[in-house]
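Colleague: First, the structure itself, so that you have it in front of you.
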Amino acid sequence: MNLFAFDDAACGRLAREGTPLFAYSLAAAEAQFRALREALPPRVRLAYAVKANPHPRLLQLFGELGASFDCASAGELARVAELAPGRILYAGPGKRTAELDLALSLGVRVQAEGWEDLERLERLAPGPVAVNLRVHPAGGIQEGSPIIGGTGPSAFGVDEEDLPLLLKRAGSLRKVAIRGLHVFAASNERDASRLLATHRHVLGMARLLQEALGTELEQVDLGGGLGIPYAAGEAPLDVGALGRGLGELLAACPWFTGELVLEPGRFLAGPCGVYLTRVTRVKESRGVRFVILEGGVNHLLRPLLTGQAFPTRAVASGGAKRPATLAGPLCTSLDRLGEVELPEVAPGTLLAMGMAGAYGFTEAMTPFLSHPAPRERWEA
Ligand SMILES: Cc1ncc(COP(=O)(O)O)c(C=O)c1O
């Protein structure tokens, strides 16, 4: 898979307008969306997770391609309310009452994260409202990244072992009806068989929930977590295998007549973006080559969270490569963008970081140390 949405010539042209810059390719985003959509059975709804990249151009594109949207704040709801009425889901472990009110007024499908959401919706809803219940599994699911997923303690959803008590309490609800299940169990998983193993487990939970409720579930939301490669040689997710597996899963669950939902963010938005920055300084320090850039964790946080650099190349610069530690301009030793291999670089050399369309600018600590924000630019 090509880890860079723009070649050297395009990177050079884009950088002439100024760096640091997030450059995005609409064509790459569309290709990624279509590849996934075409691989999935029609009974799988595709909901783009807005948090991955909430830029209006991207939301517009995905909306036109028929996407639903997974939102996690009133701000995200406002961004997509008019683009996809009737196709919006709303999750979040700490919803404020005003946000629930907004979701109700927009007819958004709420993922209730616990009794508090159910109870407040019961008070706020003017009439009947169907919701999904977000459950945090107790076991049977492969550990995902430490950031989200896994089976340990979690701020998200109802712990699976607390479900019976919650369902008993939910019996008192008059307006709010649980009609779906939501489980987010993995993060950046590129192995279709591991994703499918978690999805099988979730369908097992859905069957128990359906039996306990005594009514058919309309939706089983399998969350996001579809992975992308961040290094040369990492295999991309086989969407064909994922689609076939989900088709087989639906066929094996004749008791479930509703729809499945996938909520990928990273997979849909990551590959379309490239972060462009110039080298400001190179320092050799006790055997380590520090390459200091115009932007650091104020523009890209992911390397600090995961320990993995974005795929990085020096634009139009050849020669033998050797290790480099990427650092930003911030006066803190936290400002590291990972270890990469680069040829000789100097102040002014342009670097491109690929797969930066998701959890790039949106996840950055932009105000930290008051450097200018990076620009964003969309290309056809
Ligand atoms: C509820 C929910 N859905 C979907 C996503 C998107 O996940 P990813 O970008 O890994 O596909 C997230 C990410 O945090 C999430 O919290």
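Going by the structure tokens order, chains are called A, B, ..., each with residues numbered from 1, while ligands are numbered from 1 in the order shown.
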Write out as a ChimeraX atom specification the residues lying within 10 Å of A:Gly75, counting only C-alpha atoms and excluding same-chain residues fewer than 4 positions away.

Modeller: /A:54,71,79-80,99

Colleague: Would you save the residues of that selection, restricted to C-alpha atoms, as a compact mmCIF listing (two decimals), in the first residue's frame?

Modeller:
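The result, stored in part_3.txt:
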# COMPACT_ATOMS: atom_id res chain seq x y z
CA PRO A 54 -13.71 16.39 11.28
CA CYS A 71 -20.22 11.46 16.63
CA ARG A 79 -20.97 19.34 11.80
CA VAL A 80 -22.95 16.49 10.25
CA GLU A 99 -25.84 17.24 24.32

Colleague: Could you list the protein, DNA and RNA residues that have any atom within 10 Å of ligand 1, counting only C-alpha atoms and all ligand atoms, and write them as a PyMOL selection string?

Modeller: chain A and resi 47-53+69-72+89-93+111+134+145+147-149+156-157+182-189+221-228+262-270+358-359

Colleague: Pick the closest to A:Met1 from A:Val220, A:Leu196, A:Met355, A:Ala125: which is it, counting only C-alpha atoms?

Modeller: A:Met355

Colleague: As a PyMOL selection string, please: every residue in stretch 81-263 of chain A that a backbone DSSP assignment puts in strand (DSSP E).

Modeller: chain A and resi 88-90+109-112+129-136+158-159+176-182+219-221+259-262

Colleague: Determine, for each residue of stretch 136-236 of chain A having at least one atom at most 10 Å from an atom of stretch 311-324 of chain A, the closest pair of atoms and their separation in Å to one decimal, counting only C-alpha atoms; order by chain and ascending number, as CSV.

Modeller:
residue,atom,partner,partner_atom,distance
A:Pro229,CA,A:Pro311,CA,9.0
A:Tyr230,CA,A:Pro311,CA,5.8
A:Ala231,CA,A:Pro311,CA,5.5
A:Ala232,CA,A:Pro311,CA,7.4

Colleague: Identify, on the basis of only C-alpha atoms, every residue whose closest approach to A:Phe310 does not exceed 12 Å; exclude the query and any residue fewer than 3 positions from it along the same chain; express the result as a VMD selection string.

Modeller: chain A and resid 3 to 4 228 to 232 270 to 271 273 to 276 296 300 to 304 306 to 307 313 326 336 to 341 351 to 360

Colleague: Give me the residues near A:Leu26 as a PyMOL selection string, where near means some atom within 10 Å (using only C-alpha atoms) and where sequence neighbours in that chain fewer than 2 positions away do not count.

Modeller: chain A and resi 5+23-24+28-32+57-58+61-62+269+272-273+378-380

Colleague: Once DSSP has gone over the backbone, tell me which residues of stretch 151-351 of chain A are in alpha helix (DSSP H), as a PDB file with N, CA, C and O atoms, in the first residue's frame.

Modeller:
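Heads up, here's the output in selection.pdb:
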ATOM      1  N   LEU A 163     -24.661  -6.112  33.312  1.00  0.00           N
ATOM      2  CA  LEU A 163     -25.811  -6.040  32.404  1.00  0.00           C
ATOM      3  C   LEU A 163     -27.121  -6.510  33.052  1.00  0.00           C
ATOM      4  O   LEU A 163     -28.148  -5.829  32.912  1.00  0.00           O
ATOM      5  N   PRO A 164     -27.131  -7.671  33.740  1.00  0.00           N
ATOM      6  CA  PRO A 164     -28.417  -8.139  34.272  1.00  0.00           C
ATOM      7  C   PRO A 164     -29.090  -7.100  35.168  1.00  0.00           C
ATOM      8  O   PRO A 164     -30.283  -6.839  35.028  1.00  0.00           O
ATOM      9  N   LEU A 165     -28.291  -6.441  36.013  1.00  0.00           N
ATOM     10  CA  LEU A 165     -28.858  -5.433  36.917  1.00  0.00           C
ATOM     11  C   LEU A 165     -29.399  -4.252  36.115  1.00  0.00           C
ATOM     12  O   LEU A 165     -30.505  -3.755  36.365  1.00  0.00           O
ATOM     13  N   LEU A 166     -28.609  -3.840  35.122  1.00  0.00           N
ATOM     14  CA  LEU A 166     -29.044  -2.699  34.317  1.00  0.00           C
ATOM     15  C   LEU A 166     -30.338  -3.009  33.565  1.00  0.00           C
ATOM     16  O   LEU A 166     -31.258  -2.190  33.510  1.00  0.00           O
ATOM     17  N   LEU A 167     -30.429  -4.224  33.014  1.00  0.00           N
ATOM     18  CA  LEU A 167     -31.631  -4.581  32.248  1.00  0.00           C
ATOM     19  C   LEU A 167     -32.853  -4.639  33.172  1.00  0.00           C
ATOM     20  O   LEU A 167     -33.962  -4.289  32.775  1.00  0.00           O
ATOM     21  N   LYS A 168     -32.621  -5.056  34.396  1.00  0.00           N
ATOM     22  CA  LYS A 168     -33.725  -5.076  35.361  1.00  0.00           C
ATOM     23  C   LYS A 168     -34.243  -3.648  35.602  1.00  0.00           C
ATOM     24  O   LYS A 168     -35.436  -3.384  35.546  1.00  0.00           O
ATOM     25  N   ARG A 169     -33.294  -2.736  35.804  1.00  0.00           N
ATOM     26  CA  ARG A 169     -33.691  -1.332  36.024  1.00  0.00           C
ATOM     27  C   ARG A 169     -34.372  -0.770  34.774  1.00  0.00           C
ATOM     28  O   ARG A 169     -35.323   0.005  34.868  1.00  0.00           O
ATOM     29  N   ALA A 170     -33.862  -1.179  33.607  1.00  0.00           N
ATOM     30  CA  ALA A 170     -34.404  -0.631  32.351  1.00  0.00           C
ATOM     31  C   ALA A 170     -35.858  -1.047  32.139  1.00  0.00           C
ATOM     32  O   ALA A 170     -36.578  -0.426  31.354  1.00  0.00           O
ATOM     33  N   ALA A 192      -7.803  -9.155   9.692  1.00  0.00           N
ATOM     34  CA  ALA A 192      -9.258  -9.330   9.554  1.00  0.00           C
ATOM     35  C   ALA A 192      -9.755 -10.455  10.449  1.00  0.00           C
ATOM     36  O   ALA A 192     -10.850 -10.372  11.015  1.00  0.00           O
ATOM     37  N   SER A 193      -8.950 -11.501  10.610  1.00  0.00           N
ATOM     38  CA  SER A 193      -9.444 -12.637  11.403  1.00  0.00           C
ATOM     39  C   SER A 193      -9.570 -12.264  12.885  1.00  0.00           C
ATOM     40  O   SER A 193     -10.464 -12.732  13.572  1.00  0.00           O
ATOM     41  N   ARG A 194      -8.684 -11.400  13.361  1.00  0.00           N
ATOM     42  CA  ARG A 194      -8.816 -10.948  14.763  1.00  0.00           C
ATOM     43  C   ARG A 194     -10.034 -10.047  14.933  1.00  0.00           C
ATOM     44  O   ARG A 194     -10.763 -10.133  15.922  1.00  0.00           O
ATOM     45  N   LEU A 195     -10.269  -9.176  13.954  1.00  0.00           N
ATOM     46  CA  LEU A 195     -11.480  -8.346  14.014  1.00  0.00           C
ATOM     47  C   LEU A 195     -12.717  -9.232  14.013  1.00  0.00           C
ATOM     48  O   LEU A 195     -13.641  -9.052  14.807  1.00  0.00           O
ATOM     49  N   LEU A 196     -12.711 -10.239  13.117  1.00  0.00           N
ATOM     50  CA  LEU A 196     -13.890 -11.103  13.000  1.00  0.00           C
ATOM     51  C   LEU A 196     -14.112 -11.924  14.274  1.00  0.00           C
ATOM     52  O   LEU A 196     -15.258 -12.188  14.657  1.00  0.00           O
ATOM     53  N   ALA A 197     -13.026 -12.293  14.941  1.00  0.00           N
ATOM     54  CA  ALA A 197     -13.174 -13.050  16.194  1.00  0.00           C
ATOM     55  C   ALA A 197     -13.900 -12.191  17.231  1.00  0.00           C
ATOM     56  O   ALA A 197     -14.780 -12.666  17.948  1.00  0.00           O
ATOM     57  N   THR A 198     -13.554 -10.902  17.283  1.00  0.00           N
ATOM     58  CA  THR A 198     -14.259 -10.029  18.249  1.00  0.00           C
ATOM     59  C   THR A 198     -15.714  -9.844  17.808  1.00  0.00           C
ATOM     60  O   THR A 198     -16.621  -9.829  18.640  1.00  0.00           O
ATOM     61  N   HIS A 199     -15.926  -9.725  16.502  1.00  0.00           N
ATOM     62  CA  HIS A 199     -17.301  -9.508  16.024  1.00  0.00           C
ATOM     63  C   HIS A 199     -18.180 -10.725  16.331  1.00  0.00           C
ATOM     64  O   HIS A 199     -19.351 -10.590  16.680  1.00  0.00           O
ATOM     65  N   ARG A 200     -17.597 -11.919  16.210  1.00  0.00           N
ATOM     66  CA  ARG A 200     -18.351 -13.148  16.532  1.00  0.00           C
ATOM     67  C   ARG A 200     -18.759 -13.127  18.012  1.00  0.00           C
ATOM     68  O   ARG A 200     -19.872 -13.462  18.376  1.00  0.00           O
ATOM     69  N   HIS A 201     -17.818 -12.718  18.835  1.00  0.00           N
ATOM     70  CA  HIS A 201     -18.109 -12.659  20.275  1.00  0.00           C
ATOM     71  C   HIS A 201     -19.234 -11.644  20.540  1.00  0.00           C
ATOM     72  O   HIS A 201     -20.129 -11.885  21.357  1.00  0.00           O
ATOM     73  N   VAL A 202     -19.187 -10.506  19.837  1.00  0.00           N
ATOM     74  CA  VAL A 202     -20.213  -9.470  20.037  1.00  0.00           C
ATOM     75  C   VAL A 202     -21.586 -10.000  19.604  1.00  0.00           C
ATOM     76  O   VAL A 202     -22.597  -9.754  20.275  1.00  0.00           O
ATOM     77  N   LEU A 203     -21.624 -10.754  18.501  1.00  0.00           N
ATOM     78  CA  LEU A 203     -22.917 -11.331  18.069  1.00  0.00           C
ATOM     79  C   LEU A 203     -23.448 -12.302  19.120  1.00  0.00           C
ATOM     80  O   LEU A 203     -24.651 -12.394  19.344  1.00  0.00           O
ATOM     81  N   GLY A 204     -22.543 -13.010  19.788  1.00  0.00           N
ATOM     82  CA  GLY A 204     -22.967 -13.898  20.883  1.00  0.00           C
ATOM     83  C   GLY A 204     -23.608 -13.086  22.011  1.00  0.00           C
ATOM     84  O   GLY A 204     -24.651 -13.457  22.555  1.00  0.00           O
ATOM     85  N   MET A 205     -22.982 -11.935  22.326  1.00  0.00           N
ATOM     86  CA  MET A 205     -23.562 -11.058  23.358  1.00  0.00           C
ATOM     87  C   MET A 205     -24.907 -10.520  22.899  1.00  0.00           C
ATOM     88  O   MET A 205     -25.855 -10.389  23.693  1.00  0.00           O
ATOM     89  N   ALA A 206     -24.994 -10.205  21.604  1.00  0.00           N
ATOM     90  CA  ALA A 206     -26.250  -9.645  21.064  1.00  0.00           C
ATOM     91  C   ALA A 206     -27.383 -10.646  21.219  1.00  0.00           C
ATOM     92  O   ALA A 206     -28.515 -10.290  21.536  1.00  0.00           O
ATOM     93  N   ARG A 207     -27.067 -11.925  21.012  1.00  0.00           N
ATOM     94  CA  ARG A 207     -28.118 -12.945  21.127  1.00  0.00           C
ATOM     95  C   ARG A 207     -28.663 -12.983  22.565  1.00  0.00           C
ATOM     96  O   ARG A 207     -29.876 -13.029  22.786  1.00  0.00           O
ATOM     97  N   LEU A 208     -27.737 -12.940  23.522  1.00  0.00           N
ATOM     98  CA  LEU A 208     -28.166 -12.960  24.931  1.00  0.00           C
ATOM     99  C   LEU A 208     -28.984 -11.709  25.266  1.00  0.00           C
ATOM    100  O   LEU A 208     -30.002 -11.777  25.960  1.00  0.00           O
ATOM    101  N   LEU A 209     -28.541 -10.568  24.738  1.00  0.00           N
ATOM    102  CA  LEU A 209     -29.264  -9.321  25.009  1.00  0.00           C
ATOM    103  C   LEU A 209     -30.666  -9.385  24.402  1.00  0.00           C
ATOM    104  O   LEU A 209     -31.657  -9.001  25.035  1.00  0.00           O
ATOM    105  N   GLN A 210     -30.729  -9.891  23.179  1.00  0.00           N
ATOM    106  CA  GLN A 210     -32.025 -10.005  22.496  1.00  0.00           C
ATOM    107  C   GLN A 210     -32.975 -10.901  23.304  1.00  0.00           C
ATOM    108  O   GLN A 210     -34.146 -10.577  23.488  1.00  0.00           O
ATOM    109  N   GLU A 211     -32.427 -12.015  23.794  1.00  0.00           N
ATOM    110  CA  GLU A 211     -33.265 -12.933  24.590  1.00  0.00           C
ATOM    111  C   GLU A 211     -33.721 -12.254  25.890  1.00  0.00           C
ATOM    112  O   GLU A 211     -34.883 -12.357  26.284  1.00  0.00           O
ATOM    113  N   ALA A 212     -32.787 -11.531  26.526  1.00  0.00           N
ATOM    114  CA  ALA A 212     -33.138 -10.875  27.795  1.00  0.00           C
ATOM    115  C   ALA A 212     -34.192  -9.796  27.577  1.00  0.00           C
ATOM    116  O   ALA A 212     -35.069  -9.603  28.423  1.00  0.00           O
ATOM    117  N   LEU A 213     -34.105  -9.086  26.449  1.00  0.00           N
ATOM    118  CA  LEU A 213     -35.065  -8.010  26.182  1.00  0.00           C
ATOM    119  C   LEU A 213     -36.390  -8.552  25.658  1.00  0.00           C
ATOM    120  O   LEU A 213     -37.423  -7.878  25.716  1.00  0.00           O
ATOM    121  N   VAL A 239      -9.763  -6.023   3.301  1.00  0.00           N
ATOM    122  CA  VAL A 239     -11.186  -5.686   3.464  1.00  0.00           C
ATOM    123  C   VAL A 239     -12.082  -6.743   2.816  1.00  0.00           C
ATOM    124  O   VAL A 239     -13.210  -6.958   3.243  1.00  0.00           O
ATOM    125  N   GLY A 240     -11.550  -7.432   1.803  1.00  0.00           N
ATOM    126  CA  GLY A 240     -12.316  -8.516   1.184  1.00  0.00           C
ATOM    127  C   GLY A 240     -12.592  -9.614   2.208  1.00  0.00           C
ATOM    128  O   GLY A 240     -13.713 -10.110   2.347  1.00  0.00           O
ATOM    129  N   ALA A 241     -11.554  -9.987   2.947  1.00  0.00           N
ATOM    130  CA  ALA A 241     -11.711 -11.035   3.966  1.00  0.00           C
ATOM    131  C   ALA A 241     -12.660 -10.571   5.069  1.00  0.00           C
ATOM    132  O   ALA A 241     -13.488 -11.342   5.559  1.00  0.00           O
ATOM    133  N   LEU A 242     -12.559  -9.289   5.429  1.00  0.00           N
ATOM    134  CA  LEU A 242     -13.455  -8.759   6.471  1.00  0.00           C
ATOM    135  C   LEU A 242     -14.908  -8.815   5.982  1.00  0.00           C
ATOM    136  O   LEU A 242     -15.807  -9.270   6.701  1.00  0.00           O
ATOM    137  N   GLY A 243     -15.135  -8.380   4.749  1.00  0.00           N
ATOM    138  CA  GLY A 243     -16.494  -8.367   4.198  1.00  0.00           C
ATOM    139  C   GLY A 243     -17.066  -9.778   4.086  1.00  0.00           C
ATOM    140  O   GLY A 243     -18.212 -10.026   4.482  1.00  0.00           O
ATOM    141  N   ARG A 244     -16.243 -10.700   3.593  1.00  0.00           N
ATOM    142  CA  ARG A 244     -16.718 -12.099   3.480  1.00  0.00           C
ATOM    143  C   ARG A 244     -17.040 -12.665   4.860  1.00  0.00           C
ATOM    144  O   ARG A 244     -18.059 -13.316   5.062  1.00  0.00           O
ATOM    145  N   GLY A 245     -16.186 -12.385   5.814  1.00  0.00           N
ATOM    146  CA  GLY A 245     -16.385 -12.892   7.179  1.00  0.00           C
ATOM    147  C   GLY A 245     -17.664 -12.337   7.798  1.00  0.00           C
ATOM    148  O   GLY A 245     -18.400 -13.058   8.471  1.00  0.00           O
ATOM    149  N   LEU A 246     -17.929 -11.059   7.560  1.00  0.00           N
ATOM    150  CA  LEU A 246     -19.154 -10.473   8.121  1.00  0.00           C
ATOM    151  C   LEU A 246     -20.382 -11.080   7.447  1.00  0.00           C
ATOM    152  O   LEU A 246     -21.409 -11.325   8.103  1.00  0.00           O
ATOM    153  N   GLY A 247     -20.276 -11.359   6.142  1.00  0.00           N
ATOM    154  CA  GLY A 247     -21.381 -12.018   5.431  1.00  0.00           C
ATOM    155  C   GLY A 247     -21.653 -13.391   6.032  1.00  0.00           C
ATOM    156  O   GLY A 247     -22.812 -13.775   6.269  1.00  0.00           O
ATOM    157  N   GLU A 248     -20.577 -14.136   6.307  1.00  0.00           N
ATOM    158  CA  GLU A 248     -20.736 -15.474   6.902  1.00  0.00           C
ATOM    159  C   GLU A 248     -21.336 -15.372   8.314  1.00  0.00           C
ATOM    160  O   GLU A 248     -22.163 -16.187   8.703  1.00  0.00           O
ATOM    161  N   LEU A 249     -20.906 -14.355   9.024  1.00  0.00           N
ATOM    162  CA  LEU A 249     -21.419 -14.166  10.388  1.00  0.00           C
ATOM    163  C   LEU A 249     -22.925 -13.880  10.354  1.00  0.00           C
ATOM    164  O   LEU A 249     -23.696 -14.439  11.149  1.00  0.00           O
ATOM    165  N   LEU A 250     -23.335 -13.018   9.440  1.00  0.00           N
ATOM    166  CA  LEU A 250     -24.778 -12.719   9.323  1.00  0.00           C
ATOM    167  C   LEU A 250     -25.544 -13.994   8.963  1.00  0.00           C
ATOM    168  O   LEU A 250     -26.612 -14.267   9.522  1.00  0.00           O
ATOM    169  N   ALA A 251     -24.964 -14.779   8.044  1.00  0.00           N
ATOM    170  CA  ALA A 251     -25.653 -16.013   7.618  1.00  0.00           C
ATOM    171  C   ALA A 251     -25.754 -17.004   8.785  1.00  0.00           C
ATOM    172  O   ALA A 251     -26.723 -17.761   8.886  1.00  0.00           O
ATOM    173  N   ALA A 252     -24.751 -16.977   9.665  1.00  0.00           N
ATOM    174  CA  ALA A 252     -24.750 -17.920  10.789  1.00  0.00           C
ATOM    175  C   ALA A 252     -25.643 -17.452  11.946  1.00  0.00           C
ATOM    176  O   ALA A 252     -25.780 -18.155  12.936  1.00  0.00           O
ATOM    177  N   ARG A 266      -9.989   5.935  11.533  1.00  0.00           N
ATOM    178  CA  ARG A 266      -8.616   5.874  11.046  1.00  0.00           C
ATOM    179  C   ARG A 266      -8.531   5.292   9.642  1.00  0.00           C
ATOM    180  O   ARG A 266      -7.833   5.818   8.767  1.00  0.00           O
ATOM    181  N   PHE A 267      -9.255   4.169   9.417  1.00  0.00           N
ATOM    182  CA  PHE A 267      -9.142   3.472   8.138  1.00  0.00           C
ATOM    183  C   PHE A 267      -9.579   4.372   6.988  1.00  0.00           C
ATOM    184  O   PHE A 267      -8.961   4.378   5.917  1.00  0.00           O
ATOM    185  N   LEU A 268     -10.660   5.143   7.196  1.00  0.00           N
ATOM    186  CA  LEU A 268     -11.195   5.953   6.104  1.00  0.00           C
ATOM    187  C   LEU A 268     -10.408   7.244   5.886  1.00  0.00           C
ATOM    188  O   LEU A 268     -10.268   7.712   4.766  1.00  0.00           O
ATOM    189  N   ALA A 269      -9.914   7.841   6.994  1.00  0.00           N
ATOM    190  CA  ALA A 269      -9.290   9.164   6.860  1.00  0.00           C
ATOM    191  C   ALA A 269      -7.766   9.129   6.840  1.00  0.00           C
ATOM    192  O   ALA A 269      -7.134  10.023   6.270  1.00  0.00           O
ATOM    193  N   ARG A 302       0.164  11.333  18.008  1.00  0.00           N
ATOM    194  CA  ARG A 302       0.150   9.868  17.987  1.00  0.00           C
ATOM    195  C   ARG A 302       1.505   9.216  18.317  1.00  0.00           C
ATOM    196  O   ARG A 302       1.546   8.250  19.081  1.00  0.00           O
ATOM    197  N   PRO A 303       2.635   9.701  17.776  1.00  0.00           N
ATOM    198  CA  PRO A 303       3.900   9.019  18.092  1.00  0.00           C
ATOM    199  C   PRO A 303       4.187   8.985  19.587  1.00  0.00           C
ATOM    200  O   PRO A 303       4.736   8.009  20.096  1.00  0.00           O
ATOM    201  N   LEU A 304       3.788  10.037  20.295  1.00  0.00           N
ATOM    202  CA  LEU A 304       4.024  10.072  21.744  1.00  0.00           C
ATOM    203  C   LEU A 304       3.141   9.040  22.449  1.00  0.00           C
ATOM    204  O   LEU A 304       3.552   8.412  23.425  1.00  0.00           O
ATOM    205  N   LEU A 305       1.924   8.854  21.949  1.00  0.00           N
ATOM    206  CA  LEU A 305       0.983   7.932  22.594  1.00  0.00           C
ATOM    207  C   LEU A 305       1.325   6.476  22.310  1.00  0.00           C
ATOM    208  O   LEU A 305       1.095   5.605  23.137  1.00  0.00           O
ATOM    209  N   THR A 306       1.834   6.225  21.109  1.00  0.00           N
ATOM    210  CA  THR A 306       1.997   4.833  20.681  1.00  0.00           C
ATOM    211  C   THR A 306       3.456   4.409  20.579  1.00  0.00           C
ATOM    212  O   THR A 306       3.737   3.212  20.444  1.00  0.00           O
TER     213      THR A 306
END

Colleague: So that I can check the surroundings of A:Glu284, please list as a ChimeraX atom specification every protein, DNA and RNA residue that reaches within 12 Å of it, counting only C-alpha atoms and ignoring chain neighbours fewer than 3 positions away.

Modeller: /A:281,287-292,323-326

Colleague: In Å, with one decimal, what is the gap from atom CA of A:Ser333 to atom CA of A:Lys283?

Modeller: 14.6 Å

Colleague: Determine, counting only C-alpha atoms, which protein, DNA and RNA residues have an atom within 12 Å of an atom of A:Gly18; residues of the same chain fewer than 2 positions away are not included. Present the result as a VMD selection string.

Modeller: chain A and resid 11 to 16 20 to 23 275 to 278 294 348 350 372 to 377

Colleague: Calculate how many Å separate atom CA of A:Lys95 from atom CA of A:Leu124, rounding to one decimal.

Modeller: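 These two atoms are separated by 13.3 Å.
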
Colleague: Have a look at atom CA of A:Pro42 and atom CA of A:Ala74 and let me know their distance in Å, one decimal.

Modeller: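 Atom-to-atom, atom CA of A:Pro42 and atom CA of A:Ala74 are spaced 29.2 Å apart.
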